[in-house]
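**Q** Mind looking over this structure? Questions follow.
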Amino acid sequence: MTRSLGNIIADSLQLSLNYGERLLKDVKPSQFARFAAPGGQIVESNHGAFIYGHLSLYGPRILTQLGHAAPVVPAGFEAVFSKDAKCADDPTGTIYPAMGVVTQFFFDGYKAAAAVLRETPDAALQQPNPMEGRMAELFPTLGSLQAFYCGGHLMMHLGQMSAWRRMAGLGAA
């Protein structure tokens, strides 16, 4: 069987999206942007709002890098979810957007990216990575960059969600 590079990347992305859906099971909107506190001890570890919000920025980025129209990133997302933002506990629900807004943008962006990846010719993924600096050194082609965004980067942060779930008393997904 021959599989295009785009399909190979999208296969991994789909596995990650399925996992991302399972990790949301039993998470209440009221706890989505809260630090976990096992045994009453607050743990300053990324919570669901930050994890899904941060990751949601990459679906549109993938689409843009592949030359496709991308959904507009909602106002305020970059400020609170960028790679330079710091996760904060949000007991009053005033820092982060609502759980449904964050997760909808996350899933919509990646589902659109998966569809585009499946149609992207191998030659397009062999093009040089459009980023500069360390990211271009680590991932010299557009395909290697997308494989990272859809695999390692996504699963690393979803692993944080798995740990947060356990600290929040929700167990494994």
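Following the order of the structure tokens, first chain is A, next is B, and so on, with residues numbered from 1 inside each chain and ligands from 1 in the order they appear.
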Report as a tab-separated table: every residue of segment 136-166 of chain A with an atom at most 10 Å from segment 108-127 of chain A, its closest pair of atoms, and their distance in Å to one decimal, counting only C-alpha atoms, with rows sorted by chain and ascending residue number.

**A**
```
residue	atom	partner	partner_atom	distance
A:Pro140	CA	A:Gln127	CA	8.5
A:Thr141	CA	A:Gln126	CA	5.5
A:Leu142	CA	A:Leu125	CA	5.0
A:Gly143	CA	A:Leu125	CA	4.2
A:Ser144	CA	A:Leu125	CA	7.8
A:Leu145	CA	A:Leu125	CA	9.0
A:Gln146	CA	A:Leu125	CA	8.4
A:Ala147	CA	A:Leu125	CA	9.9
A:Cys150	CA	A:Tyr110	CA	8.5
```

**Q** Could you pull the residues within 12 Å of Glu78 of chain A, counting only C-alpha atoms, minus those fewer than 4 positions along the same chain, as a ChimeraX atom specification?

**A** /A:50,53-58,72-74,82-86,96-97

**Q** Can you pull out the residues contacting Leu170 of chain A? Cut-off 10 Å, using only C-alpha atoms, and skip same-chain residues under 3 positions away; I want them as a compact mmCIF listing (two decimals) with C-alpha atoms, in the first residue's frame.

**A**
```txt
# COMPACT_ATOMS: atom_id res chain seq x y z
CA LEU A 23 -9.59 13.64 27.44
CA LEU A 24 -12.55 16.03 27.70
CA LYS A 25 -14.83 13.34 29.16
CA ASP A 26 -16.30 14.47 32.49
CA VAL A 27 -14.44 17.82 32.45
CA SER A 162 -3.90 13.56 30.82
CA ALA A 163 -1.78 14.47 33.86
CA TRP A 164 -4.13 17.37 34.75
CA ARG A 165 -7.10 14.99 34.62
CA ARG A 166 -5.46 12.69 37.13
CA MET A 167 -4.53 15.58 39.43
CA ALA A 173 -9.51 9.00 29.68
```

**Q** Extract, using only C-alpha atoms, all DNA, RNA and protein residues at most 7 Å from segment 15-21 of chain A, discarding same-chain residues fewer than 6 positions from it, and format them as JSON, numbers by chain.

**A** {"A": [154, 155, 158]}

**Q** Go ahead and dump the residues you just picked, N, CA and C atoms, as a PDB file, in the first residue's frame.

**A**
```pdb
ATOM      1  N   LEU A 154       1.289  18.150  19.418  1.00  0.00           N
ATOM      2  CA  LEU A 154      -0.085  17.896  19.856  1.00  0.00           C
ATOM      3  C   LEU A 154      -0.116  16.881  21.004  1.00  0.00           C
ATOM      4  N   MET A 155       0.574  15.771  20.837  1.00  0.00           N
ATOM      5  CA  MET A 155       0.537  14.731  21.860  1.00  0.00           C
ATOM      6  C   MET A 155       1.267  15.145  23.138  1.00  0.00           C
ATOM      7  N   LEU A 158      -1.342  17.173  24.891  1.00  0.00           N
ATOM      8  CA  LEU A 158      -2.440  16.313  25.339  1.00  0.00           C
ATOM      9  C   LEU A 158      -1.992  15.432  26.508  1.00  0.00           C
TER      10      LEU A 158
END
```

**Q** Just give me the gap between atom CA of Gly100 of chain A and atom CA of Phe148 of chain A in Å, one decimal is fine.

**A** 25.9 Å

**Q** With distances taken over only C-alpha atoms, which of A:Met131, A:Phe105, A:Ser12, A:Gly39 is nearest to Gln65 of chain A?

**A** A:Met131

**Q** Please compute the atom CA of Ile9 of chain A-atom CA of Gly152 of chain A distance, one decimal, in Å.

**A**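 According to the coordinates, atom CA of Ile9 of chain A and atom CA of Gly152 of chain A are separated by 11.0 Å.
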
**Q** So the first atom is atom CA of Ala168 of chain A and the second is atom CA of Pro91 of chain A; what is the distance between them in Å, to one decimal place?

**A** 14.4 Å

**Q** I'd like to know which residues of chain A are alpha helix (DSSP H) (by DSSP, run on the backbone); could you write them as a VMD selection string?

**A** chain A and resid 5 to 23 48 to 56 58 to 65 77 to 81 99 to 119 122 to 125 134 to 138 142 to 150 152 to 167
